[in-house]
$ cat structure-v3.cif   # mmCIF, N, CA and C atoms
data_target
loop_
_atom_site.group_PDB
_atom_site.id
_atom_site.type_symbol
_atom_site.label_atom_id
_atom_site.label_comp_id
_atom_site.auth_asym_id
_atom_site.auth_seq_id
_atom_site.Cartn_x
_atom_site.Cartn_y
_atom_site.Cartn_z
ATOM 1 N N MET A 1 0.819 -1.192 0.000
ATOM 2 C CA MET A 1 0.000 0.000 0.000
ATOM 3 C C MET A 1 0.866 1.260 0.000
ATOM 4 N N ALA A 2 1.964 1.239 0.767
ATOM 5 C CA ALA A 2 2.846 2.407 0.842
ATOM 6 C C ALA A 2 3.503 2.681 -0.507
ATOM 7 N N GLN A 3 3.844 1.618 -1.241
ATOM 8 C CA GLN A 3 4.453 1.799 -2.560
ATOM 9 C C GLN A 3 3.468 2.429 -3.530
ATOM 10 N N LYS A 4 2.214 2.008 -3.478
ATOM 11 C CA LYS A 4 1.200 2.551 -4.367
ATOM 12 C C LYS A 4 0.961 4.028 -4.074
ATOM 13 N N THR A 5 0.912 4.387 -2.797
ATOM 14 C CA THR A 5 0.723 5.778 -2.398
ATOM 15 C C THR A 5 1.914 6.627 -2.845
ATOM 16 N N PHE A 6 3.118 6.112 -2.676
ATOM 17 C CA PHE A 6 4.320 6.827 -3.089
ATOM 18 C C PHE A 6 4.325 7.030 -4.603
ATOM 19 N N PHE A 7 3.946 6.001 -5.347
ATOM 20 C CA PHE A 7 3.893 6.084 -6.803
ATOM 21 C C PHE A 7 2.873 7.127 -7.245
ATOM 22 N N LEU A 8 1.703 7.142 -6.650
ATOM 23 C CA LEU A 8 0.676 8.131 -6.986
ATOM 24 C C LEU A 8 1.135 9.543 -6.643
ATOM 25 N N LEU A 9 1.858 9.676 -5.549
ATOM 26 C CA LEU A 9 2.404 10.983 -5.166
ATOM 27 C C LEU A 9 3.415 11.462 -6.199
ATOM 28 N N LEU A 10 4.271 10.576 -6.692
ATOM 29 C CA LEU A 10 5.240 10.938 -7.729
ATOM 30 C C LEU A 10 4.535 11.376 -9.014
ATOM 31 N N ILE A 11 3.500 10.667 -9.401
ATOM 32 C CA ILE A 11 2.740 11.042 -10.597
ATOM 33 C C ILE A 11 2.103 12.413 -10.415
ATOM 34 N N ALA A 12 1.526 12.656 -9.249
ATOM 35 C CA ALA A 12 0.888 13.950 -8.972
ATOM 36 C C ALA A 12 1.917 15.079 -9.021
ATOM 37 N N LEU A 13 3.102 14.873 -8.458
ATOM 38 C CA LEU A 13 4.146 15.897 -8.481
ATOM 39 C C LEU A 13 4.623 16.154 -9.909
ATOM 40 N N ALA A 14 4.772 15.102 -10.686
ATOM 41 C CA ALA A 14 5.198 15.275 -12.074
ATOM 42 C C ALA A 14 4.151 16.050 -12.857
ATOM 43 N N PHE A 15 2.882 15.769 -12.610
ATOM 44 C CA PHE A 15 1.803 16.465 -13.300
ATOM 45 C C PHE A 15 1.794 17.943 -12.936
ATOM 46 N N VAL A 16 1.966 18.251 -11.676
ATOM 47 C CA VAL A 16 1.977 19.645 -11.231
ATOM 48 C C VAL A 16 3.156 20.380 -11.852
ATOM 49 N N ASN A 17 4.327 19.776 -11.887
ATOM 50 C CA ASN A 17 5.512 20.430 -12.435
ATOM 51 C C ASN A 17 5.440 20.582 -13.951
ATOM 52 N N CYS A 18 4.716 19.725 -14.632
ATOM 53 C CA CYS A 18 4.625 19.795 -16.089
ATOM 54 C C CYS A 18 3.605 20.825 -16.558
ATOM 55 N N ASN A 19 2.778 21.294 -15.681
ATOM 56 C CA ASN A 19 1.712 22.208 -16.078
ATOM 57 C C ASN A 19 1.968 23.643 -15.632
ATOM 58 N N LYS A 20 3.206 24.002 -15.447
ATOM 59 C CA LYS A 20 3.520 25.379 -15.082
ATOM 60 C C LYS A 20 3.333 26.281 -16.287
ATOM 61 N N GLU A 21 2.857 27.470 -16.043
ATOM 62 C CA GLU A 21 2.704 28.439 -17.114
ATOM 63 C C GLU A 21 4.046 29.064 -17.448
ATOM 64 N N ILE A 22 4.200 29.409 -18.697
ATOM 65 C CA ILE A 22 5.389 30.133 -19.124
ATOM 66 C C ILE A 22 5.139 31.597 -18.845
ATOM 67 N N GLU A 23 5.995 32.199 -18.044
ATOM 68 C CA GLU A 23 5.786 33.584 -17.644
ATOM 69 C C GLU A 23 6.122 34.560 -18.756
ATOM 70 N N SER A 24 7.176 34.280 -19.504
ATOM 71 C CA SER A 24 7.530 35.182 -20.587
ATOM 72 C C SER A 24 8.395 34.457 -21.607
ATOM 73 N N VAL A 25 8.288 34.911 -22.819
ATOM 74 C CA VAL A 25 9.110 34.408 -23.909
ATOM 75 C C VAL A 25 9.811 35.619 -24.503
ATOM 76 N N GLU A 26 11.133 35.564 -24.553
ATOM 77 C CA GLU A 26 11.885 36.700 -25.074
ATOM 78 C C GLU A 26 11.822 36.713 -26.595
ATOM 79 N N VAL A 27 11.325 37.808 -27.116
ATOM 80 C CA VAL A 27 11.220 37.992 -28.557
ATOM 81 C C VAL A 27 12.284 39.001 -28.965
ATOM 82 N N PRO A 28 13.100 38.675 -29.961
ATOM 83 C CA PRO A 28 14.130 39.637 -30.376
ATOM 84 C C PRO A 28 13.492 40.950 -30.830
ATOM 85 N N PRO A 29 14.161 42.073 -30.569
ATOM 86 C CA PRO A 29 13.596 43.375 -30.931
ATOM 87 C C PRO A 29 13.811 43.737 -32.401
ATOM 88 N N PHE A 30 14.038 42.747 -33.247
ATOM 89 C CA PHE A 30 14.287 42.996 -34.663
ATOM 90 C C PHE A 30 13.760 41.825 -35.479
ATOM 91 N N SER A 31 13.636 42.048 -36.786
ATOM 92 C CA SER A 31 13.219 40.997 -37.710
ATOM 93 C C SER A 31 14.283 40.828 -38.785
ATOM 94 N N VAL A 32 14.512 39.588 -39.184
ATOM 95 C CA VAL A 32 15.434 39.265 -40.273
ATOM 96 C C VAL A 32 14.628 38.477 -41.304
ATOM 97 N N TYR A 33 14.592 38.964 -42.534
ATOM 98 C CA TYR A 33 13.773 38.312 -43.545
ATOM 99 C C TYR A 33 14.305 38.589 -44.945
ATOM 100 N N PRO A 34 14.110 37.722 -45.896
ATOM 101 C CA PRO A 34 13.669 36.344 -45.686
ATOM 102 C C PRO A 34 14.829 35.491 -45.173
ATOM 103 N N ASN A 35 14.521 34.462 -44.488
ATOM 104 C CA ASN A 35 15.541 33.550 -43.975
ATOM 105 C C ASN A 35 14.959 32.145 -44.019
ATOM 106 N N PRO A 36 15.406 31.323 -44.949
ATOM 107 C CA PRO A 36 16.571 31.435 -45.803
ATOM 108 C C PRO A 36 16.410 32.534 -46.856
ATOM 109 N N SER A 37 17.574 33.014 -47.299
ATOM 110 C CA SER A 37 17.637 34.119 -48.241
ATOM 111 C C SER A 37 18.061 33.617 -49.615
ATOM 112 N N LEU A 38 17.685 34.387 -50.627
ATOM 113 C CA LEU A 38 18.136 34.095 -51.990
ATOM 114 C C LEU A 38 19.119 35.158 -52.460
ATOM 115 N N GLY A 39 19.902 35.708 -51.528
ATOM 116 C CA GLY A 39 20.933 36.666 -51.902
ATOM 117 C C GLY A 39 20.833 38.008 -51.200
ATOM 118 N N VAL A 40 19.634 38.401 -50.788
ATOM 119 C CA VAL A 40 19.448 39.666 -50.075
ATOM 120 C C VAL A 40 18.644 39.383 -48.820
ATOM 121 N N VAL A 41 19.115 39.917 -47.705
ATOM 122 C CA VAL A 41 18.400 39.774 -46.440
ATOM 123 C C VAL A 41 18.187 41.158 -45.850
ATOM 124 N N ARG A 42 17.028 41.364 -45.230
ATOM 125 C CA ARG A 42 16.694 42.663 -44.637
ATOM 126 C C ARG A 42 16.588 42.533 -43.132
ATOM 127 N N VAL A 43 16.995 43.595 -42.444
ATOM 128 C CA VAL A 43 16.924 43.651 -40.990
ATOM 129 C C VAL A 43 16.168 44.916 -40.624
ATOM 130 N N SER A 44 15.173 44.775 -39.759
ATOM 131 C CA SER A 44 14.441 45.950 -39.302
ATOM 132 C C SER A 44 14.151 45.822 -37.819
ATOM 133 N N LEU A 45 14.106 46.959 -37.148
ATOM 134 C CA LEU A 45 13.764 46.987 -35.735
ATOM 135 C C LEU A 45 12.259 46.881 -35.572
ATOM 136 N N ASN A 46 11.831 46.217 -34.526
ATOM 137 C CA ASN A 46 10.416 46.124 -34.233
ATOM 138 C C ASN A 46 9.885 47.493 -33.832
ATOM 139 N N PRO A 47 8.616 47.767 -34.089
ATOM 140 C CA PRO A 47 8.054 49.095 -33.796
ATOM 141 C C PRO A 47 8.177 49.537 -32.336
ATOM 142 N N ALA A 48 8.267 48.600 -31.407
ATOM 143 C CA ALA A 48 8.361 48.967 -29.990
ATOM 144 C C ALA A 48 9.738 49.518 -29.609
ATOM 145 N N VAL A 49 10.731 49.311 -30.452
ATOM 146 C CA VAL A 49 12.091 49.774 -30.156
ATOM 147 C C VAL A 49 12.173 51.275 -30.437
ATOM 148 N N THR A 50 12.663 52.023 -29.448
ATOM 149 C CA THR A 50 12.731 53.482 -29.586
ATOM 150 C C THR A 50 14.157 54.005 -29.617
ATOM 151 N N THR A 51 15.123 53.117 -29.700
ATOM 152 C CA THR A 51 16.528 53.514 -29.727
ATOM 153 C C THR A 51 17.206 52.867 -30.926
ATOM 154 N N PHE A 52 18.437 53.243 -31.183
ATOM 155 C CA PHE A 52 19.172 52.674 -32.312
ATOM 156 C C PHE A 52 19.717 51.296 -31.965
ATOM 157 N N ALA A 53 20.157 50.586 -32.999
ATOM 158 C CA ALA A 53 20.785 49.280 -32.824
ATOM 159 C C ALA A 53 22.026 49.220 -33.699
ATOM 160 N N ASN A 54 23.056 48.564 -33.209
ATOM 161 C CA ASN A 54 24.259 48.297 -34.004
ATOM 162 C C ASN A 54 24.127 46.892 -34.576
ATOM 163 N N VAL A 55 24.267 46.786 -35.894
ATOM 164 C CA VAL A 55 24.079 45.520 -36.589
ATOM 165 C C VAL A 55 25.387 45.156 -37.279
ATOM 166 N N THR A 56 25.812 43.899 -37.096
ATOM 167 C CA THR A 56 27.041 43.416 -37.731
ATOM 168 C C THR A 56 26.750 42.095 -38.419
ATOM 169 N N LEU A 57 27.199 41.976 -39.657
ATOM 170 C CA LEU A 57 27.050 40.753 -40.440
ATOM 171 C C LEU A 57 28.414 40.077 -40.537
ATOM 172 N N TYR A 58 28.446 38.771 -40.220
ATOM 173 C CA TYR A 58 29.676 37.983 -40.253
ATOM 174 C C TYR A 58 29.529 36.840 -41.241
ATOM 175 N N ASP A 59 30.651 36.431 -41.830
ATOM 176 C CA ASP A 59 30.621 35.224 -42.645
ATOM 177 C C ASP A 59 30.778 34.004 -41.746
ATOM 178 N N ARG A 60 30.811 32.829 -42.338
ATOM 179 C CA ARG A 60 30.874 31.596 -41.541
ATOM 180 C C ARG A 60 32.173 31.435 -40.766
ATOM 181 N N ASN A 61 33.206 32.207 -41.151
ATOM 182 C CA ASN A 61 34.488 32.150 -40.442
ATOM 183 C C ASN A 61 34.613 33.210 -39.359
ATOM 184 N N GLY A 62 33.571 34.016 -39.177
ATOM 185 C CA GLY A 62 33.598 35.053 -38.156
ATOM 186 C C GLY A 62 34.166 36.374 -38.632
ATOM 187 N N LYS A 63 34.450 36.485 -39.913
ATOM 188 C CA LYS A 63 34.969 37.731 -40.480
ATOM 189 C C LYS A 63 33.829 38.739 -40.626
ATOM 190 N N THR A 64 34.056 39.974 -40.160
ATOM 191 C CA THR A 64 33.061 41.027 -40.282
ATOM 192 C C THR A 64 32.923 41.431 -41.739
ATOM 193 N N LEU A 65 31.706 41.363 -42.261
ATOM 194 C CA LEU A 65 31.443 41.734 -43.648
ATOM 195 C C LEU A 65 30.885 43.145 -43.751
ATOM 196 N N GLN A 66 29.940 43.483 -42.883
ATOM 197 C CA GLN A 66 29.314 44.804 -42.916
ATOM 198 C C GLN A 66 28.834 45.173 -41.520
ATOM 199 N N THR A 67 28.814 46.467 -41.258
ATOM 200 C CA THR A 67 28.236 46.973 -40.017
ATOM 201 C C THR A 67 27.308 48.128 -40.363
ATOM 202 N N ALA A 68 26.327 48.344 -39.508
ATOM 203 C CA ALA A 68 25.390 49.444 -39.725
ATOM 204 C C ALA A 68 24.800 49.859 -38.392
ATOM 205 N N THR A 69 24.363 51.098 -38.326
ATOM 206 C CA THR A 69 23.579 51.582 -37.201
ATOM 207 C C THR A 69 22.158 51.725 -37.707
ATOM 208 N N LEU A 70 21.265 51.019 -37.057
ATOM 209 C CA LEU A 70 19.873 50.972 -37.475
ATOM 210 C C LEU A 70 19.032 51.833 -36.546
ATOM 211 N N LEU A 71 18.322 52.778 -37.113
ATOM 212 C CA LEU A 71 17.457 53.670 -36.334
ATOM 213 C C LEU A 71 16.061 53.071 -36.231
ATOM 214 N N PRO A 72 15.257 53.527 -35.247
ATOM 215 C CA PRO A 72 13.893 53.001 -35.134
ATOM 216 C C PRO A 72 13.129 53.149 -36.456
ATOM 217 N N GLN A 73 12.335 52.154 -36.769
ATOM 218 C CA GLN A 73 11.515 52.095 -37.982
ATOM 219 C C GLN A 73 12.332 52.183 -39.268
ATOM 220 N N GLU A 74 13.580 51.771 -39.203
ATOM 221 C CA GLU A 74 14.450 51.762 -40.375
ATOM 222 C C GLU A 74 14.749 50.316 -40.738
ATOM 223 N N THR A 75 15.000 50.079 -42.028
ATOM 224 C CA THR A 75 15.363 48.746 -42.514
ATOM 225 C C THR A 75 16.662 48.856 -43.284
ATOM 226 N N VAL A 76 17.534 47.873 -43.079
ATOM 227 C CA VAL A 76 18.779 47.819 -43.831
ATOM 228 C C VAL A 76 18.788 46.497 -44.602
ATOM 229 N N ALA A 77 19.292 46.537 -45.829
ATOM 230 C CA ALA A 77 19.377 45.335 -46.658
ATOM 231 C C ALA A 77 20.840 44.957 -46.849
ATOM 232 N N TYR A 78 21.128 43.684 -46.732
ATOM 233 C CA TYR A 78 22.473 43.165 -46.940
ATOM 234 C C TYR A 78 22.471 42.263 -48.163
ATOM 235 N N GLN A 79 23.407 42.502 -49.059
ATOM 236 C CA GLN A 79 23.618 41.632 -50.216
ATOM 237 C C GLN A 79 24.583 40.544 -49.766
ATOM 238 N N LEU A 80 24.139 39.311 -49.803
ATOM 239 C CA LEU A 80 24.968 38.196 -49.373
ATOM 240 C C LEU A 80 25.701 37.630 -50.572
ATOM 241 N N GLY A 81 26.868 37.070 -50.332
ATOM 242 C CA GLY A 81 27.681 36.513 -51.408
ATOM 243 C C GLY A 81 27.314 35.080 -51.709
ATOM 244 N N GLU A 82 28.267 34.215 -51.537
ATOM 245 C CA GLU A 82 28.091 32.818 -51.896
ATOM 246 C C GLU A 82 27.126 32.107 -50.948
ATOM 247 N N ASP A 83 26.687 30.938 -51.395
ATOM 248 C CA ASP A 83 25.810 30.113 -50.563
ATOM 249 C C ASP A 83 26.477 29.808 -49.233
ATOM 250 N N GLY A 84 25.668 29.640 -48.219
ATOM 251 C CA GLY A 84 26.204 29.242 -46.932
ATOM 252 C C GLY A 84 25.513 29.931 -45.779
ATOM 253 N N ILE A 85 26.137 29.819 -44.630
ATOM 254 C CA ILE A 85 25.592 30.371 -43.395
ATOM 255 C C ILE A 85 26.307 31.671 -43.062
ATOM 256 N N TYR A 86 25.527 32.658 -42.695
ATOM 257 C CA TYR A 86 26.023 33.952 -42.243
ATOM 258 C C TYR A 86 25.477 34.184 -40.843
ATOM 259 N N TYR A 87 26.119 35.068 -40.117
ATOM 260 C CA TYR A 87 25.685 35.365 -38.757
ATOM 261 C C TYR A 87 25.438 36.857 -38.623
ATOM 262 N N LEU A 88 24.342 37.182 -37.977
ATOM 263 C CA LEU A 88 23.969 38.563 -37.750
ATOM 264 C C LEU A 88 23.975 38.798 -36.252
ATOM 265 N N GLU A 89 24.619 39.881 -35.832
ATOM 266 C CA GLU A 89 24.639 40.257 -34.421
ATOM 267 C C GLU A 89 23.994 41.627 -34.295
ATOM 268 N N VAL A 90 23.036 41.749 -33.397
ATOM 269 C CA VAL A 90 22.327 43.001 -33.176
ATOM 270 C C VAL A 90 22.494 43.388 -31.717
ATOM 271 N N LEU A 91 23.005 44.586 -31.489
ATOM 272 C CA LEU A 91 23.185 45.114 -30.141
ATOM 273 C C LEU A 91 22.208 46.265 -29.968
ATOM 274 N N VAL A 92 21.244 46.084 -29.063
ATOM 275 C CA VAL A 92 20.240 47.111 -28.811
ATOM 276 C C VAL A 92 19.966 47.165 -27.307
ATOM 277 N N ASP A 93 19.969 48.366 -26.752
ATOM 278 C CA ASP A 93 19.746 48.565 -25.307
ATOM 279 C C ASP A 93 20.669 47.686 -24.462
ATOM 280 N N ASN A 94 21.933 47.619 -24.844
ATOM 281 C CA ASN A 94 22.950 46.830 -24.137
ATOM 282 C C ASN A 94 22.633 45.338 -24.086
ATOM 283 N N GLN A 95 21.801 44.872 -24.997
ATOM 284 C CA GLN A 95 21.536 43.444 -25.116
ATOM 285 C C GLN A 95 22.032 42.985 -26.482
ATOM 286 N N ARG A 96 22.675 41.816 -26.489
ATOM 287 C CA ARG A 96 23.249 41.274 -27.719
ATOM 288 C C ARG A 96 22.400 40.086 -28.175
ATOM 289 N N PHE A 97 21.992 40.126 -29.439
ATOM 290 C CA PHE A 97 21.205 39.062 -30.041
ATOM 291 C C PHE A 97 21.954 38.539 -31.263
ATOM 292 N N LYS A 98 21.861 37.239 -31.494
ATOM 293 C CA LYS A 98 22.513 36.638 -32.660
ATOM 294 C C LYS A 98 21.485 35.854 -33.454
ATOM 295 N N GLU A 99 21.621 35.943 -34.764
ATOM 296 C CA GLU A 99 20.710 35.255 -35.671
ATOM 297 C C GLU A 99 21.540 34.597 -36.772
ATOM 298 N N GLU A 100 21.197 33.374 -37.105
ATOM 299 C CA GLU A 100 21.863 32.655 -38.176
ATOM 300 C C GLU A 100 21.056 32.835 -39.447
ATOM 301 N N ILE A 101 21.737 33.126 -40.546
ATOM 302 C CA ILE A 101 21.072 33.335 -41.827
ATOM 303 C C ILE A 101 21.598 32.297 -42.817
ATOM 304 N N LEU A 102 20.695 31.653 -43.516
ATOM 305 C CA LEU A 102 21.066 30.696 -44.543
ATOM 306 C C LEU A 102 20.859 31.349 -45.898
ATOM 307 N N ASN A 103 21.914 31.391 -46.711
ATOM 308 C CA ASN A 103 21.845 31.990 -48.035
ATOM 309 C C ASN A 103 21.876 30.887 -49.085
ATOM 310 N N LEU A 104 20.847 30.886 -49.932
ATOM 311 C CA LEU A 104 20.740 29.904 -51.011
ATOM 312 C C LEU A 104 20.591 30.663 -52.317
ATOM 313 N N THR A 105 21.697 31.122 -52.889
ATOM 314 C CA THR A 105 21.604 31.895 -54.120
ATOM 315 C C THR A 105 21.182 30.979 -55.258
ATOM 316 N N PRO A 106 20.321 31.510 -56.163
ATOM 317 C CA PRO A 106 19.829 30.682 -57.280
ATOM 318 C C PRO A 106 20.926 30.400 -58.300
#
$ encode --input "structure-v3.cif" --output "structure tokens"
Amino acid sequence: MAQKTFFLLLIALAFVNCNKEIESVEVPPFSVYPNPSLGVVRVSLNPAVTTFANVTLYDRNGKTLQTATLLPQETVAYQLGEDGIYYLEVLVDNQRFKEEILNLTP
């Protein structure tokens, strides 16, 4: 009987722990599109952002390809070279975000 009670208690605890609500999900303050790209990718700040952002594009080896300062409600377009993976780093409000971009040129 004690084993059955212990087992039921474990199931109840697992159920309670699995049903916790997610308090928040961090959404990046920018959009990168289209991704995957066919040669050109655009970066824009979300409308809620009221400050500038520093944007840096890197190749797959970590070499800096382009940098830009993006103002609120502004969009910047990057012409990507050969096929492969590129990395975008966005620094806004002292927070650093990274996004991977896949380029599939036709």
$ residues_around --input "structure-v3.cif" --residues "A:Thr67" --least-positions-apart "3" --cutoff "9 Å" --atoms "only C-alpha atoms" --output "JSON, numbers by chain"
{"A": [54, 55, 56, 57, 64]}
$ write_last_selection --input "structure-v3.cif" --atoms "N, CA and C atoms" --output "short mmCIF file (atom, residue, chain, number, x, y, z; two decimals), in the coordinates of the input"
data_model
loop_
_atom_site.label_atom_id
_atom_site.label_comp_id
_atom_site.auth_asym_id
_atom_site.auth_seq_id
_atom_site.Cartn_x
_atom_site.Cartn_y
_atom_site.Cartn_z
N ASN A 54 23.06 48.56 -33.21
CA ASN A 54 24.26 48.30 -34.00
C ASN A 54 24.13 46.89 -34.58
N VAL A 55 24.27 46.79 -35.89
CA VAL A 55 24.08 45.52 -36.59
C VAL A 55 25.39 45.16 -37.28
N THR A 56 25.81 43.90 -37.10
CA THR A 56 27.04 43.42 -37.73
C THR A 56 26.75 42.10 -38.42
N LEU A 57 27.20 41.98 -39.66
CA LEU A 57 27.05 40.75 -40.44
C LEU A 57 28.41 40.08 -40.54
N THR A 64 34.06 39.97 -40.16
CA THR A 64 33.06 41.03 -40.28
C THR A 64 32.92 41.43 -41.74
#
$ residues_near_point --input "structure-v3.cif" --point "(19.1, 30.8, -43.1)" --cutoff "8 Å" --atoms "only C-alpha atoms" --output "ChimeraX atom specification"
/A:35-37,85-86,100-103
$ write_last_selection --input "structure-v3.cif" --atoms "N, CA and C atoms" --output "short mmCIF file (atom, residue, chain, number, x, y, z; two decimals), in the frame of the given file"
data_model
loop_
_atom_site.label_atom_id
_atom_site.label_comp_id
_atom_site.auth_asym_id
_atom_site.auth_seq_id
_atom_site.Cartn_x
_atom_site.Cartn_y
_atom_site.Cartn_z
N ASN A 35 14.52 34.46 -44.49
CA ASN A 35 15.54 33.55 -43.98
C ASN A 35 14.96 32.15 -44.02
N PRO A 36 15.41 31.32 -44.95
CA PRO A 36 16.57 31.44 -45.80
C PRO A 36 16.41 32.53 -46.86
N SER A 37 17.57 33.01 -47.30
CA SER A 37 17.64 34.12 -48.24
C SER A 37 18.06 33.62 -49.62
N ILE A 85 26.14 29.82 -44.63
CA ILE A 85 25.59 30.37 -43.40
C ILE A 85 26.31 31.67 -43.06
N TYR A 86 25.53 32.66 -42.70
CA TYR A 86 26.02 33.95 -42.24
C TYR A 86 25.48 34.18 -40.84
N GLU A 100 21.20 33.37 -37.10
CA GLU A 100 21.86 32.66 -38.18
C GLU A 100 21.06 32.84 -39.45
N ILE A 101 21.74 33.13 -40.55
CA ILE A 101 21.07 33.34 -41.83
C ILE A 101 21.60 32.30 -42.82
N LEU A 102 20.70 31.65 -43.52
CA LEU A 102 21.07 30.70 -44.54
C LEU A 102 20.86 31.35 -45.90
N ASN A 103 21.91 31.39 -46.71
CA ASN A 103 21.84 31.99 -48.04
C ASN A 103 21.88 30.89 -49.08
#
$ closest_residue --input "structure-v3.cif" --among "A:Leu65, A:Thr50, A:Leu104, A:Tyr58" --to "A:Glu82" --atoms "only N, CA and C atoms"
A:Leu104
$ atom_distance --input "structure-v3.cif" --atom1 "atom N of A:Pro29" --atom2 "atom N of A:Val76"
14.2 Å
$ residues_near_point --input "structure-v3.cif" --point "(23.9, 36.6, -35.1)" --cutoff "6 Å" --atoms "only N, CA and C atoms" --output "ChimeraX atom specification"
/A:87-90,97-100
